[in-house]
$ cat run36.pdb   # PDB, C-alpha atoms and all ligand atoms
ATOM      1  CA  MET A 287     -23.655 102.595 -44.630  1.00  0.00           C
ATOM      2  CA  GLU A 288     -23.827 103.743 -48.238  1.00  0.00           C
ATOM      3  CA  GLY A 289     -20.036 103.515 -48.267  1.00  0.00           C
ATOM      4  CA  ARG A 290     -20.252  99.885 -47.199  1.00  0.00           C
ATOM      5  CA  THR A 291     -22.786  99.083 -49.940  1.00  0.00           C
ATOM      6  CA  ASP A 292     -20.561 100.745 -52.550  1.00  0.00           C
ATOM      7  CA  GLU A 293     -17.591  98.755 -51.251  1.00  0.00           C
ATOM      8  CA  LEU A 294     -19.554  95.496 -51.495  1.00  0.00           C
ATOM      9  CA  PHE A 295     -20.809  96.303 -54.989  1.00  0.00           C
ATOM     10  CA  ALA A 296     -17.205  96.940 -56.047  1.00  0.00           C
ATOM     11  CA  GLN A 297     -16.230  93.540 -54.553  1.00  0.00           C
ATOM     12  CA  ALA A 298     -19.077  91.865 -56.433  1.00  0.00           C
ATOM     13  CA  ARG A 299     -18.026  93.464 -59.704  1.00  0.00           C
ATOM     14  CA  ARG A 300     -14.480  92.174 -59.203  1.00  0.00           C
ATOM     15  CA  ALA A 301     -15.552  88.591 -58.479  1.00  0.00           C
ATOM     16  CA  LYS A 302     -15.636  85.971 -61.217  1.00  0.00           C
ATOM     17  CA  GLY A 303     -19.135  85.041 -62.260  1.00  0.00           C
ATOM     18  CA  PHE A 304     -22.256  85.461 -64.266  1.00  0.00           C
ATOM     19  CA  MET A 305     -24.182  88.433 -62.917  1.00  0.00           C
ATOM     20  CA  PRO A 306     -24.278  91.714 -64.865  1.00  0.00           C
ATOM     21  CA  ASP A 307     -23.911  94.815 -62.660  1.00  0.00           C
ATOM     22  CA  ASP A 308     -27.437  96.135 -63.199  1.00  0.00           C
ATOM     23  CA  GLU A 309     -28.998  92.751 -62.464  1.00  0.00           C
ATOM     24  CA  GLY A 310     -26.825  92.427 -59.360  1.00  0.00           C
ATOM     25  CA  ASN A 311     -28.065  95.811 -58.143  1.00  0.00           C
ATOM     26  CA  ALA A 312     -31.668  94.759 -58.805  1.00  0.00           C
ATOM     27  CA  LEU A 313     -31.043  91.495 -56.950  1.00  0.00           C
ATOM     28  CA  TYR A 314     -29.691  93.475 -53.988  1.00  0.00           C
ATOM     29  CA  ARG A 315     -32.722  95.783 -53.924  1.00  0.00           C
ATOM     30  CA  ALA A 316     -35.209  92.913 -54.135  1.00  0.00           C
ATOM     31  CA  ALA A 317     -33.468  91.003 -51.345  1.00  0.00           C
ATOM     32  CA  ARG A 318     -33.135  94.114 -49.184  1.00  0.00           C
ATOM     33  CA  ARG A 319     -36.883  94.639 -49.413  1.00  0.00           C
ATOM     34  CA  ALA A 320     -37.443  91.035 -48.325  1.00  0.00           C
ATOM     35  CA  GLY A 321     -34.995  91.410 -45.450  1.00  0.00           C
ATOM     36  CA  THR A 322     -36.661  94.609 -44.327  1.00  0.00           C
ATOM     37  CA  GLU A 323     -40.094  93.025 -44.404  1.00  0.00           C
ATOM     38  CA  ALA A 324     -38.772  90.029 -42.451  1.00  0.00           C
ATOM     39  CA  GLY A 325     -37.820  92.470 -39.705  1.00  0.00           C
ATOM     40  CA  GLY A 326     -34.283  91.598 -38.682  1.00  0.00           C
ATOM     41  CA  ASP A 327     -34.005  87.819 -38.874  1.00  0.00           C
ATOM     42  CA  GLY A 328     -34.801  87.098 -42.515  1.00  0.00           C
ATOM     43  CA  THR A 329     -33.776  83.880 -44.234  1.00  0.00           C
ATOM     44  CA  PHE A 330     -32.280  84.090 -47.725  1.00  0.00           C
ATOM     45  CA  VAL A 331     -31.312  81.120 -49.887  1.00  0.00           C
ATOM     46  CA  GLU A 332     -29.142  81.241 -52.985  1.00  0.00           C
ATOM     47  CA  VAL A 333     -29.049  78.175 -55.234  1.00  0.00           C
ATOM     48  CA  GLY A 334     -25.971  78.381 -57.474  1.00  0.00           C
ATOM     49  CA  ALA A 335     -23.090  80.441 -56.076  1.00  0.00           C
ATOM     50  CA  TRP A 336     -20.116  79.682 -58.374  1.00  0.00           C
ATOM     51  CA  CYS A 337     -17.373  82.076 -57.169  1.00  0.00           C
ATOM     52  CA  GLY A 338     -19.638  84.260 -55.048  1.00  0.00           C
ATOM     53  CA  LYS A 339     -20.560  87.164 -57.309  1.00  0.00           C
ATOM     54  CA  SER A 340     -24.335  87.052 -56.699  1.00  0.00           C
ATOM     55  CA  THR A 341     -23.569  85.933 -53.134  1.00  0.00           C
ATOM     56  CA  VAL A 342     -22.020  89.339 -52.431  1.00  0.00           C
ATOM     57  CA  TYR A 343     -25.064  91.240 -53.751  1.00  0.00           C
ATOM     58  CA  LEU A 344     -27.379  89.061 -51.663  1.00  0.00           C
ATOM     59  CA  GLY A 345     -24.963  89.148 -48.716  1.00  0.00           C
ATOM     60  CA  ALA A 346     -24.968  92.961 -48.814  1.00  0.00           C
ATOM     61  CA  ALA A 347     -28.769  92.885 -48.505  1.00  0.00           C
ATOM     62  CA  ALA A 348     -28.543  90.314 -45.704  1.00  0.00           C
ATOM     63  CA  GLU A 349     -25.971  92.335 -43.787  1.00  0.00           C
ATOM     64  CA  THR A 350     -27.917  95.573 -43.918  1.00  0.00           C
ATOM     65  CA  THR A 351     -31.236  93.975 -42.882  1.00  0.00           C
ATOM     66  CA  GLY A 352     -29.980  91.464 -40.289  1.00  0.00           C
ATOM     67  CA  ALA A 353     -30.853  88.463 -42.463  1.00  0.00           C
ATOM     68  CA  ALA A 354     -28.787  85.307 -42.987  1.00  0.00           C
ATOM     69  CA  LEU A 355     -27.951  84.038 -46.470  1.00  0.00           C
ATOM     70  CA  PHE A 356     -27.509  80.309 -47.053  1.00  0.00           C
ATOM     71  CA  SER A 357     -25.505  80.002 -50.259  1.00  0.00           C
ATOM     72  CA  ILE A 358     -25.842  76.555 -51.814  1.00  0.00           C
ATOM     73  CA  ASP A 359     -23.550  74.956 -54.390  1.00  0.00           C
ATOM     74  CA  HIS A 360     -21.728  71.634 -54.811  1.00  0.00           C
ATOM     75  CA  HIS A 361     -18.995  73.801 -56.351  1.00  0.00           C
ATOM     76  CA  HIS A 362     -18.212  71.313 -59.119  1.00  0.00           C
ATOM     77  CA  GLY A 363     -19.863  73.447 -61.792  1.00  0.00           C
ATOM     78  CA  SER A 364     -22.935  72.931 -63.953  1.00  0.00           C
ATOM     79  CA  GLU A 365     -22.905  71.020 -67.204  1.00  0.00           C
ATOM     80  CA  GLU A 366     -22.415  74.311 -69.064  1.00  0.00           C
ATOM     81  CA  ASN A 367     -19.253  75.036 -67.004  1.00  0.00           C
ATOM     82  CA  GLN A 368     -17.469  71.777 -67.860  1.00  0.00           C
ATOM     83  CA  PRO A 369     -14.444  71.740 -70.233  1.00  0.00           C
ATOM     84  CA  GLY A 370     -15.501  72.299 -73.842  1.00  0.00           C
ATOM     85  CA  TRP A 371     -18.766  74.045 -72.855  1.00  0.00           C
ATOM     86  CA  GLU A 372     -19.644  77.697 -73.272  1.00  0.00           C
ATOM     87  CA  HIS A 373     -19.088  78.886 -69.681  1.00  0.00           C
ATOM     88  CA  HIS A 374     -15.865  77.041 -68.828  1.00  0.00           C
ATOM     89  CA  ASP A 375     -12.981  78.673 -66.973  1.00  0.00           C
ATOM     90  CA  ASP A 376      -9.699  76.715 -66.705  1.00  0.00           C
ATOM     91  CA  GLU A 377      -8.647  78.688 -63.649  1.00  0.00           C
ATOM     92  CA  VAL A 378     -11.248  77.013 -61.449  1.00  0.00           C
ATOM     93  CA  VAL A 379     -10.114  73.463 -62.276  1.00  0.00           C
ATOM     94  CA  ASP A 380      -8.325  71.837 -59.312  1.00  0.00           C
ATOM     95  CA  PRO A 381      -5.055  70.484 -60.804  1.00  0.00           C
ATOM     96  CA  ALA A 382      -4.985  67.701 -58.209  1.00  0.00           C
ATOM     97  CA  THR A 383      -8.295  66.215 -59.333  1.00  0.00           C
ATOM     98  CA  GLY A 384      -8.870  67.702 -62.792  1.00  0.00           C
ATOM     99  CA  ARG A 385     -12.311  68.676 -61.534  1.00  0.00           C
ATOM    100  CA  ILE A 386     -13.896  72.102 -61.208  1.00  0.00           C
ATOM    101  CA  ASP A 387     -13.763  73.344 -57.621  1.00  0.00           C
ATOM    102  CA  THR A 388     -15.078  76.869 -57.107  1.00  0.00           C
ATOM    103  CA  LEU A 389     -15.267  76.585 -53.307  1.00  0.00           C
ATOM    104  CA  PRO A 390     -11.821  78.183 -52.675  1.00  0.00           C
ATOM    105  CA  PHE A 391     -12.805  81.072 -54.986  1.00  0.00           C
ATOM    106  CA  TRP A 392     -16.194  81.466 -53.284  1.00  0.00           C
ATOM    107  CA  ARG A 393     -14.567  81.509 -49.829  1.00  0.00           C
ATOM    108  CA  ARG A 394     -12.007  84.090 -50.935  1.00  0.00           C
ATOM    109  CA  THR A 395     -14.781  86.323 -52.313  1.00  0.00           C
ATOM    110  CA  ILE A 396     -16.791  86.148 -49.069  1.00  0.00           C
ATOM    111  CA  ASP A 397     -13.728  86.702 -46.860  1.00  0.00           C
ATOM    112  CA  ASP A 398     -12.524  89.652 -48.964  1.00  0.00           C
ATOM    113  CA  ALA A 399     -16.017  91.152 -48.709  1.00  0.00           C
ATOM    114  CA  GLY A 400     -16.085  90.608 -44.935  1.00  0.00           C
ATOM    115  CA  LEU A 401     -19.466  88.891 -45.172  1.00  0.00           C
ATOM    116  CA  GLY A 402     -18.689  85.835 -43.021  1.00  0.00           C
ATOM    117  CA  GLY A 403     -21.019  87.113 -40.280  1.00  0.00           C
ATOM    118  CA  CYS A 404     -24.179  86.712 -42.345  1.00  0.00           C
ATOM    119  CA  VAL A 405     -23.313  84.371 -45.234  1.00  0.00           C
ATOM    120  CA  VAL A 406     -23.284  80.607 -44.677  1.00  0.00           C
ATOM    121  CA  GLY A 407     -21.891  78.324 -47.366  1.00  0.00           C
ATOM    122  CA  VAL A 408     -23.821  75.083 -47.811  1.00  0.00           C
ATOM    123  CA  VAL A 409     -21.872  72.631 -49.952  1.00  0.00           C
ATOM    124  CA  GLY A 410     -23.860  69.886 -51.631  1.00  0.00           C
ATOM    125  CA  ILE A 411     -26.493  68.939 -54.178  1.00  0.00           C
ATOM    126  CA  SER A 412     -29.297  71.482 -53.963  1.00  0.00           C
ATOM    127  CA  SER A 413     -32.189  69.000 -54.306  1.00  0.00           C
ATOM    128  CA  VAL A 414     -30.849  66.955 -51.367  1.00  0.00           C
ATOM    129  CA  ILE A 415     -30.638  70.075 -49.220  1.00  0.00           C
ATOM    130  CA  ALA A 416     -34.117  71.199 -50.347  1.00  0.00           C
ATOM    131  CA  LEU A 417     -35.638  67.895 -49.268  1.00  0.00           C
ATOM    132  CA  HIS A 418     -34.387  68.375 -45.699  1.00  0.00           C
ATOM    133  CA  TRP A 419     -34.877  72.138 -45.484  1.00  0.00           C
ATOM    134  CA  ARG A 420     -37.478  73.198 -42.884  1.00  0.00           C
ATOM    135  CA  THR A 421     -37.239  77.004 -42.544  1.00  0.00           C
ATOM    136  CA  PRO A 422     -39.669  79.303 -44.415  1.00  0.00           C
ATOM    137  CA  ILE A 423     -37.675  81.447 -46.848  1.00  0.00           C
ATOM    138  CA  ASP A 424     -38.021  85.225 -47.248  1.00  0.00           C
ATOM    139  CA  PHE A 425     -35.941  85.457 -50.415  1.00  0.00           C
ATOM    140  CA  CYS A 426     -34.937  82.533 -52.626  1.00  0.00           C
ATOM    141  CA  PHE A 427     -32.677  83.053 -55.636  1.00  0.00           C
ATOM    142  CA  ILE A 428     -32.493  80.203 -58.145  1.00  0.00           C
ATOM    143  CA  ASP A 429     -29.415  80.293 -60.397  1.00  0.00           C
ATOM    144  CA  GLY A 430     -28.138  76.700 -60.325  1.00  0.00           C
ATOM    145  CA  GLY A 431     -27.829  74.204 -63.162  1.00  0.00           C
ATOM    146  CA  HIS A 432     -29.716  75.389 -66.245  1.00  0.00           C
ATOM    147  CA  GLY A 433     -30.286  71.949 -67.754  1.00  0.00           C
ATOM    148  CA  GLU A 434     -33.811  70.545 -67.767  1.00  0.00           C
ATOM    149  CA  GLU A 435     -33.252  68.221 -64.810  1.00  0.00           C
ATOM    150  CA  PRO A 436     -31.363  70.412 -62.303  1.00  0.00           C
ATOM    151  CA  ALA A 437     -33.505  73.484 -63.046  1.00  0.00           C
ATOM    152  CA  TRP A 438     -36.801  71.690 -62.437  1.00  0.00           C
ATOM    153  CA  ALA A 439     -35.405  69.922 -59.379  1.00  0.00           C
ATOM    154  CA  ASP A 440     -34.501  73.339 -57.943  1.00  0.00           C
ATOM    155  CA  PHE A 441     -37.912  74.777 -58.694  1.00  0.00           C
ATOM    156  CA  ARG A 442     -39.800  71.811 -57.259  1.00  0.00           C
ATOM    157  CA  GLY A 443     -37.461  71.614 -54.286  1.00  0.00           C
ATOM    158  CA  TRP A 444     -37.203  75.274 -53.322  1.00  0.00           C
ATOM    159  CA  ALA A 445     -40.330  77.153 -54.448  1.00  0.00           C
ATOM    160  CA  PRO A 446     -42.525  75.425 -51.794  1.00  0.00           C
ATOM    161  CA  HIS A 447     -40.210  76.765 -49.064  1.00  0.00           C
ATOM    162  CA  VAL A 448     -40.875  80.396 -50.004  1.00  0.00           C
ATOM    163  CA  ALA A 449     -43.197  81.847 -47.371  1.00  0.00           C
ATOM    164  CA  VAL A 450     -46.501  83.457 -48.403  1.00  0.00           C
ATOM    165  CA  GLY A 451     -45.943  87.131 -49.240  1.00  0.00           C
ATOM    166  CA  ARG A 452     -42.196  86.523 -49.756  1.00  0.00           C
ATOM    167  CA  TRP A 453     -40.043  86.312 -52.863  1.00  0.00           C
ATOM    168  CA  LEU A 454     -38.646  83.899 -55.414  1.00  0.00           C
ATOM    169  CA  ALA A 455     -36.137  85.210 -57.952  1.00  0.00           C
ATOM    170  CA  ILE A 456     -35.010  83.299 -61.024  1.00  0.00           C
ATOM    171  CA  HIS A 457     -31.972  84.163 -63.127  1.00  0.00           C
ATOM    172  CA  ASP A 458     -31.371  83.668 -66.853  1.00  0.00           C
ATOM    173  CA  VAL A 459     -35.014  83.895 -67.861  1.00  0.00           C
ATOM    174  CA  PHE A 460     -34.962  84.461 -71.625  1.00  0.00           C
ATOM    175  CA  PRO A 461     -38.372  84.757 -73.320  1.00  0.00           C
ATOM    176  CA  ASP A 462     -36.603  84.670 -76.713  1.00  0.00           C
ATOM    177  CA  PRO A 463     -34.888  81.277 -77.226  1.00  0.00           C
ATOM    178  CA  ALA A 464     -32.223  83.051 -79.310  1.00  0.00           C
ATOM    179  CA  ASP A 465     -30.966  84.699 -76.079  1.00  0.00           C
ATOM    180  CA  GLY A 466     -30.488  81.558 -73.986  1.00  0.00           C
ATOM    181  CA  GLY A 467     -31.658  78.168 -72.750  1.00  0.00           C
ATOM    182  CA  ARG A 468     -35.298  77.297 -72.024  1.00  0.00           C
ATOM    183  CA  PRO A 469     -35.461  75.793 -68.533  1.00  0.00           C
ATOM    184  CA  PRO A 470     -35.235  78.986 -66.408  1.00  0.00           C
ATOM    185  CA  TYR A 471     -37.901  80.614 -68.598  1.00  0.00           C
ATOM    186  CA  ASP A 472     -40.083  77.515 -68.291  1.00  0.00           C
ATOM    187  CA  LEU A 473     -39.795  77.651 -64.482  1.00  0.00           C
ATOM    188  CA  TRP A 474     -40.855  81.260 -64.467  1.00  0.00           C
ATOM    189  CA  CYS A 475     -43.872  80.430 -66.666  1.00  0.00           C
ATOM    190  CA  ALA A 476     -44.776  77.490 -64.422  1.00  0.00           C
ATOM    191  CA  ALA A 477     -44.568  79.666 -61.308  1.00  0.00           C
ATOM    192  CA  LEU A 478     -47.008  82.170 -62.815  1.00  0.00           C
ATOM    193  CA  ALA A 479     -49.285  79.484 -64.275  1.00  0.00           C
ATOM    194  CA  SER A 480     -49.544  77.835 -60.846  1.00  0.00           C
ATOM    195  CA  GLY A 481     -51.330  80.951 -59.588  1.00  0.00           C
ATOM    196  CA  GLU A 482     -49.113  80.767 -56.496  1.00  0.00           C
ATOM    197  CA  PHE A 483     -46.788  83.554 -57.633  1.00  0.00           C
ATOM    198  CA  VAL A 484     -47.246  86.998 -59.129  1.00  0.00           C
ATOM    199  CA  GLU A 485     -44.699  89.054 -61.061  1.00  0.00           C
ATOM    200  CA  ASP A 486     -42.900  91.571 -58.886  1.00  0.00           C
ATOM    201  CA  GLY A 487     -40.025  93.065 -60.842  1.00  0.00           C
ATOM    202  CA  GLU A 488     -37.418  92.311 -63.452  1.00  0.00           C
ATOM    203  CA  CYS A 489     -34.046  93.469 -64.726  1.00  0.00           C
ATOM    204  CA  GLY A 490     -32.366  91.897 -67.719  1.00  0.00           C
ATOM    205  CA  SER A 491     -32.789  88.138 -67.308  1.00  0.00           C
ATOM    206  CA  LEU A 492     -33.613  88.437 -63.594  1.00  0.00           C
ATOM    207  CA  ARG A 493     -37.254  87.834 -62.695  1.00  0.00           C
ATOM    208  CA  VAL A 494     -38.696  88.453 -59.247  1.00  0.00           C
ATOM    209  CA  LEU A 495     -41.905  86.745 -58.130  1.00  0.00           C
ATOM    210  CA  ARG A 496     -43.911  87.156 -54.948  1.00  0.00           C
ATOM    211  CA  ARG A 497     -45.766  84.245 -53.395  1.00  0.00           C
ATOM    212  CA  ALA A 498     -49.469  85.154 -53.357  1.00  0.00           C
ATOM    213  CA  GLY A 499     -50.789  81.954 -51.798  1.00  0.00           C
ATOM    214  CA  PRO A 500     -49.665  78.715 -50.170  1.00  0.00           C
ATOM    215  CA  PRO A 501     -48.158  75.862 -52.191  1.00  0.00           C
ATOM    216  CA  THR A 502     -50.842  73.514 -53.488  1.00  0.00           C
ATOM    217  CA  GLY A 503     -48.519  70.531 -53.744  1.00  0.00           C
ATOM    218  CA  ALA A 504     -49.778  69.947 -57.295  1.00  0.00           C
ATOM    219  CA  ARG A 505     -46.566  70.080 -59.312  1.00  0.00           C
TER     220      ARG A 505
HETATM  221  N1  LIG A 601     -24.880  82.916 -59.194  1.00  0.00           N
HETATM  222  C1  LIG A 601     -23.555  82.736 -59.769  1.00  0.00           C
HETATM  223  C2  LIG A 601     -23.543  81.814 -60.975  1.00  0.00           C
HETATM  224  C3  LIG A 601     -24.004  80.421 -60.691  1.00  0.00           C
HETATM  225  S1  LIG A 601     -23.500  79.281 -61.952  1.00  0.00           S
HETATM  226  C4  LIG A 601     -22.944  84.088 -60.116  1.00  0.00           C
HETATM  227  O1  LIG A 601     -23.471  85.138 -59.726  1.00  0.00           O
HETATM  228  O2  LIG A 601     -21.906  84.121 -60.752  1.00  0.00           O
HETATM  229  C5  LIG A 601     -24.409  77.860 -61.479  1.00  0.00           C
HETATM  230  C6  LIG A 601     -23.852  77.142 -60.269  1.00  0.00           C
HETATM  231  O3  LIG A 601     -24.793  76.137 -59.916  1.00  0.00           O
HETATM  232  C7  LIG A 601     -22.508  76.432 -60.461  1.00  0.00           C
HETATM  233  O4  LIG A 601     -21.569  76.922 -59.557  1.00  0.00           O
HETATM  234  C8  LIG A 601     -22.819  74.953 -60.191  1.00  0.00           C
HETATM  235  O5  LIG A 601     -21.810  74.272 -59.463  1.00  0.00           O
HETATM  236  C9  LIG A 601     -24.087  75.027 -59.377  1.00  0.00           C
HETATM  237  N2  LIG A 601     -24.934  73.850 -59.489  1.00  0.00           N
HETATM  238  C10 LIG A 601     -25.439  73.298 -60.629  1.00  0.00           C
HETATM  239  N3  LIG A 601     -26.221  72.250 -60.347  1.00  0.00           N
HETATM  240  C11 LIG A 601     -26.218  72.114 -58.985  1.00  0.00           C
HETATM  241  C12 LIG A 601     -26.841  71.207 -58.081  1.00  0.00           C
HETATM  242  N4  LIG A 601     -27.629  70.235 -58.515  1.00  0.00           N
HETATM  243  N5  LIG A 601     -26.602  71.359 -56.759  1.00  0.00           N
HETATM  244  C13 LIG A 601     -25.794  72.359 -56.307  1.00  0.00           C
HETATM  245  N6  LIG A 601     -25.190  73.253 -57.117  1.00  0.00           N
HETATM  246  C14 LIG A 601     -25.392  73.133 -58.445  1.00  0.00           C
HETATM  247 MG    MG A 602     -27.228  83.009 -63.899  1.00  0.00          MG
END

$ encode --input "run36.pdb" --output "structure tokens" --more "lines below"
Ligand code: SAH
Ligand code: MG
Amino acid sequence: MEGRTDELFAQARRAKGFMPDDEGNALYRAARRAGTEAGGDGTFVEVGAWCGKSTVYLGAAAETTGAALFSIDHHHGSEENQPGWEHHDDEVVDPATGRIDTLPFWRRTIDDAGLGGCVVGVVGISSVIALHWRTPIDFCFIDGGHGEEPAWADFRGWAPHVAVGRWLAIHDVFPDPADGGRPPYDLWCAALASGEFVEDGECGSLRVLRRAGPPTGAR
């Protein structure tokens, strides 16, 4: 089993993306704990998959605990991934359309990792999916668009689905504005200020929160 985890970590490190190794390991450990507590049929949601790097860390935790991971992305990239922006990569532009399309890269990553048995790709706008989602979530990882609008839409859409006693993780939380954009940090502050979540671990810009009480609906 350890061999399998090592193999998956190596796959994750090879994949294109935005998840430092130590934060990926921390993400895996946090999700594995959630999967274990869920007892064999846990539900994980990832918002923002890009080419599947974080998906493999979360998928490794899903596989070993019997959970399923729903990995959500429209696969056309965030604002910050578009040509001329900081996190652009020409290789993921579909020459036929001139548009970013990371879905073929994501699929390749998941197939190479052999995670098709527990990872489900959900292709679309995350707030639309959140509105129709009905299953309580054991581990929710928010790493989608980092602009004001998409980040808050993800928080408002997904945080209420996290079951009491379960976990919400947010990526790219930078308390110092010199290190990165505000919205993910603001979400993290709002989660704590709501009194619904308590801090439960961090690594780099990854913050893990545990739901202490039911959603109040006052957002
Ligand atoms: N977790 C990834 C990085 C995600 S980058 C990793 O480990 O590398 C952010 C992703 O969010 C992009 O792929 C982008 O397409 C997606 N995204 C941004 N806004 C979105 C939205 N409103 N709905 C669905 N996906 C979105
Ligand atoms: Mg990120």

$ atom_distance --input "run36.pdb" --atom1 "atom CA of A:Leu389" --atom2 "atom CA of A:Gly352"
24.6 Å

$ residues_near_ligand --input "run36.pdb" --ligand "ligand LIG 601 (chain A)" --cutoff "8 Å" --atoms "only C-alpha atoms and all ligand atoms" --output "PyMOL selection string"
chain A and resi 302-305+332-341+358-365+367+388+409-413+429-432+436-437+439-440

$ resolve_selection --input "run36.pdb" --expression "the PyMOL selection byres (((chain A and resi 289-292) around 12) and not hetatm)" --output "ChimeraX atom specification"
/A:287-288,293-299,311,314-315,318,342-350,399-401

$ atom_distance --input "run36.pdb" --atom1 "atom CA of A:Arg393" --atom2 "atom CA of A:Gly407"
8.4 Å

$ residues_around --input "run36.pdb" --residues "stretch 488-495 of chain A" --least-positions-apart "2" --cutoff "10 Å" --atoms "only C-alpha atoms" --output "JSON, numbers by chain"
{"A": [305, 306, 308, 309, 310, 311, 312, 313, 316, 317, 425, 426, 427, 428, 429, 451, 452, 453, 454, 455, 456, 457, 458, 459, 460, 461, 465, 466, 470, 471, 474, 477, 478, 482, 483, 484, 485, 486, 497, 498]}

$ atom_distance --input "run36.pdb" --atom1 "atom CA of A:Gly443" --atom2 "atom CA of A:Thr329"
16.3 Å

$ closest_residue --input "run36.pdb" --among "A:Trp392, A:Gly467, A:Trp438, A:Val405" --to "ligand MG 602 (chain A)" --atoms "all atoms listed in the file"
A:Gly467

$ residues_near_point --input "run36.pdb" --point "(-33.9, 94.5, -42.5)" --cutoff "6 Å" --atoms "all atoms listed in the file" --output "CSV table (one decimal) with C-alpha atoms, in the frame of the given file"
chain,number,residue,atom,x,y,z
A,321,GLY,CA,-35.0,91.4,-45.4
A,322,THR,CA,-36.7,94.6,-44.3
A,325,GLY,CA,-37.8,92.5,-39.7
A,326,GLY,CA,-34.3,91.6,-38.7
A,351,THR,CA,-31.2,94.0,-42.9
A,352,GLY,CA,-30.0,91.5,-40.3

$ decode --input "run36.pdb" --residues "stretch 446-451 of chain A" --atoms "all heavy atoms" --output "mmCIF file, in the first residue's frame"
data_model
loop_
_atom_site.group_PDB
_atom_site.id
_atom_site.type_symbol
_atom_site.label_atom_id
_atom_site.label_comp_id
_atom_site.auth_asym_id
_atom_site.auth_seq_id
_atom_site.Cartn_x
_atom_site.Cartn_y
_atom_site.Cartn_z
ATOM 1 N N PRO A 446 -21.644 25.329 2.484
ATOM 2 C CA PRO A 446 -22.837 24.783 3.144
ATOM 3 C C PRO A 446 -23.007 23.271 2.956
ATOM 4 O O PRO A 446 -23.723 22.636 3.730
ATOM 5 C CB PRO A 446 -24.005 25.534 2.472
ATOM 6 C CG PRO A 446 -23.395 26.781 1.913
ATOM 7 C CD PRO A 446 -21.994 26.390 1.520
ATOM 8 N N HIS A 447 -22.359 22.704 1.938
ATOM 9 C CA HIS A 447 -22.491 21.265 1.690
ATOM 10 C C HIS A 447 -21.567 20.424 2.564
ATOM 11 O O HIS A 447 -21.665 19.193 2.577
ATOM 12 C CB HIS A 447 -22.220 20.942 0.220
ATOM 13 C CG HIS A 447 -23.259 21.470 -0.717
ATOM 14 N ND1 HIS A 447 -24.588 21.107 -0.630
ATOM 15 C CD2 HIS A 447 -23.182 22.352 -1.748
ATOM 16 C CE1 HIS A 447 -25.276 21.725 -1.585
ATOM 17 N NE2 HIS A 447 -24.448 22.495 -2.263
ATOM 18 N N VAL A 448 -20.630 21.078 3.253
ATOM 19 C CA VAL A 448 -19.705 20.323 4.111
ATOM 20 C C VAL A 448 -20.463 19.875 5.362
ATOM 21 O O VAL A 448 -21.077 20.693 6.056
ATOM 22 C CB VAL A 448 -18.484 21.183 4.497
ATOM 23 C CG1 VAL A 448 -17.587 20.445 5.483
ATOM 24 C CG2 VAL A 448 -17.707 21.601 3.250
ATOM 25 N N ALA A 449 -20.456 18.589 5.612
ATOM 26 C CA ALA A 449 -21.206 18.023 6.736
ATOM 27 C C ALA A 449 -20.589 18.462 8.068
ATOM 28 O O ALA A 449 -19.391 18.744 8.142
ATOM 29 C CB ALA A 449 -21.213 16.498 6.643
ATOM 30 N N VAL A 450 -21.383 18.517 9.100
ATOM 31 C CA VAL A 450 -20.900 18.884 10.442
ATOM 32 C C VAL A 450 -19.846 17.863 10.888
ATOM 33 O O VAL A 450 -20.026 16.651 10.738
ATOM 34 C CB VAL A 450 -22.060 18.954 11.460
ATOM 35 C CG1 VAL A 450 -21.522 19.207 12.869
ATOM 36 C CG2 VAL A 450 -23.048 20.049 11.064
ATOM 37 N N GLY A 451 -18.717 18.382 11.393
ATOM 38 C CA GLY A 451 -17.621 17.520 11.820
ATOM 39 C C GLY A 451 -16.658 17.176 10.689
ATOM 40 O O GLY A 451 -15.633 16.539 10.917
#
